[in-house]
Amino acid sequence: MATQKHRGPARERGMETPASLQKVAHAAAVGVIYQPAEERVRLAKAAFAAVRFAAKPRETSRLVELLFDSFSQPALAGTRSAATRIRQMLYRAEPYQIDLQIELRQERNSLVVTGQLLDVSHPEVTGRDVRLTLSNCGASTVNTVTNQFGEFRGEVENSGDLQLSFLGREGKPVVILLRGVLDPLS
């Protein structure tokens, strides 16, 4: 009896069903014609690639290797209390070497990422015209292209995290994910 009172008469329950089915049918019809923005699809694919790489730590260590991080160096005497706004990093993702400088722009709450992409297997050939995506692992994404010297620059809203991705040889994604990018303890 208590159940009957809570749910209402059987007759009213039956009338709710067609309305619910109409809502489901409408949602399905709208879903069929929906096309996400190309940059959102690229960002989602890069995020899934990062998760896939993270699930295989041995493969990741061979794929993307951190060679240098300025935050791993001891601070100069007398500067330990100073807030660090610039981080320099060097990565190797065969056959590429990625040199990064990440700078905080507090007035705009953004990260300025400057870097260079080099193909170490062919030093005479620079990594020119490579499309890179910078993301704050949230809603902000910036696409940039390397110049004739393999250099690139982009500015993305600061969320504390940063993801850089590009397609390497044979179309395989290269993803560098930095959590707490300007946090010396990360």
# chains A, B, ... in the order shown; residues from 1 in each chain; ligands from 1
$ residues_around --residues "A:Val174" --least-positions-apart "6" --cutoff "6 Å" --atoms "only C-alpha atoms" --output "list in words"
Ser165, Phe166 and Leu167 of chain A
$ write_last_selection --atoms "N, CA, C and O atoms" --output "PDB file, in the first residue's frame"
ATOM      1  N   SER A 165      50.813  18.153 -27.256  1.00  0.00           N
ATOM      2  CA  SER A 165      50.693  16.943 -28.081  1.00  0.00           C
ATOM      3  C   SER A 165      50.910  17.286 -29.551  1.00  0.00           C
ATOM      4  O   SER A 165      50.630  18.402 -29.987  1.00  0.00           O
ATOM      5  N   PHE A 166      51.441  16.313 -30.278  1.00  0.00           N
ATOM      6  CA  PHE A 166      51.617  16.431 -31.719  1.00  0.00           C
ATOM      7  C   PHE A 166      51.715  15.034 -32.300  1.00  0.00           C
ATOM      8  O   PHE A 166      51.915  14.056 -31.577  1.00  0.00           O
ATOM      9  N   LEU A 167      51.554  14.954 -33.606  1.00  0.00           N
ATOM     10  CA  LEU A 167      51.683  13.657 -34.278  1.00  0.00           C
ATOM     11  C   LEU A 167      53.125  13.467 -34.696  1.00  0.00           C
ATOM     12  O   LEU A 167      53.692  14.290 -35.413  1.00  0.00           O
TER      13      LEU A 167
END
$ residues_around --residues "stretch 106-118 of chain A" --least-positions-apart "6" --cutoff "7 Å" --atoms "only C-alpha atoms" --output "ChimeraX atom specification"
/A:96-100,126-127,150-158
$ closest_residue --among "A:Ile102, A:Thr17, A:Arg131, A:Gln88" --to "A:Gly171" --atoms "only C-alpha atoms"
A:Arg131
$ residues_around --residues "stretch 28-42 of chain A" --least-positions-apart "5" --cutoff "10 Å" --atoms "only C-alpha atoms" --output "MDAnalysis selection string"
chainID A and resid 22:23 47:48 133 139:143 165:166
$ write_last_selection --atoms "C-alpha atoms" --output "compact mmCIF listing (two decimals), in the first residue's frame"
# COMPACT_ATOMS: atom_id res chain seq x y z
CA GLN A 22 9.46 10.90 -26.53
CA LYS A 23 12.28 12.60 -24.61
CA ALA A 47 43.75 12.92 -23.80
CA PHE A 48 42.88 9.28 -24.48
CA THR A 133 48.28 21.41 -29.49
CA ALA A 139 38.50 24.03 -21.69
CA SER A 140 41.43 26.02 -23.08
CA THR A 141 43.22 24.69 -26.15
CA VAL A 142 45.67 26.44 -28.47
CA ASN A 143 46.97 25.11 -31.78
CA SER A 165 50.69 16.94 -28.08
CA PHE A 166 51.62 16.43 -31.72
$ residues_around --residues "stretch 66-74 of chain A" --least-positions-apart "2" --cutoff "6 Å" --atoms "only C-alpha atoms" --output "list of chain:residue names"
A:Arg87, A:Gln88, A:Met89, A:Leu90, A:Tyr91, A:Pro184
$ write_last_selection --atoms "N, CA and C atoms" --output "compact mmCIF listing (two decimals), in the first residue's frame"
# COMPACT_ATOMS: atom_id res chain seq x y z
N ARG A 87 59.94 27.72 -16.07
CA ARG A 87 60.44 26.34 -15.97
C ARG A 87 60.98 25.94 -17.34
N GLN A 88 62.15 25.35 -17.34
CA GLN A 88 62.73 24.86 -18.59
C GLN A 88 62.83 23.35 -18.51
N MET A 89 62.46 22.71 -19.60
CA MET A 89 62.46 21.25 -19.63
C MET A 89 62.95 20.79 -21.00
N LEU A 90 63.55 19.61 -21.00
CA LEU A 90 64.00 19.00 -22.24
C LEU A 90 63.52 17.56 -22.26
N TYR A 91 62.82 17.18 -23.32
CA TYR A 91 62.28 15.83 -23.46
C TYR A 91 62.85 15.16 -24.70
N PRO A 184 57.09 23.49 -8.02
CA PRO A 184 58.40 22.82 -7.90
C PRO A 184 58.33 21.45 -7.26
$ atom_distance --atom1 "atom CA of A:Ala93" --atom2 "atom CA of A:Gly168"
8.7 Å
$ atom_distance --atom1 "atom CA of A:Leu134" --atom2 "atom CA of A:Leu178"
11.2 Å
$ select_by_dssp --residues "stretch 17-174 of chain A" --states "strand (DSSP E)" --output "number ranges by chain"
A: 65-69, 86-93, 96-105, 110-119, 131-135, 141-145, 151-157, 162-167, 173-174
$ residues_around --residues "A:Leu162" --least-positions-apart "6" --cutoff "7 Å" --atoms "only C-alpha atoms" --output "list in words"
Ser135, Asn136, Cys137, Leu177, Leu178, Arg179 and Val181 of chain A
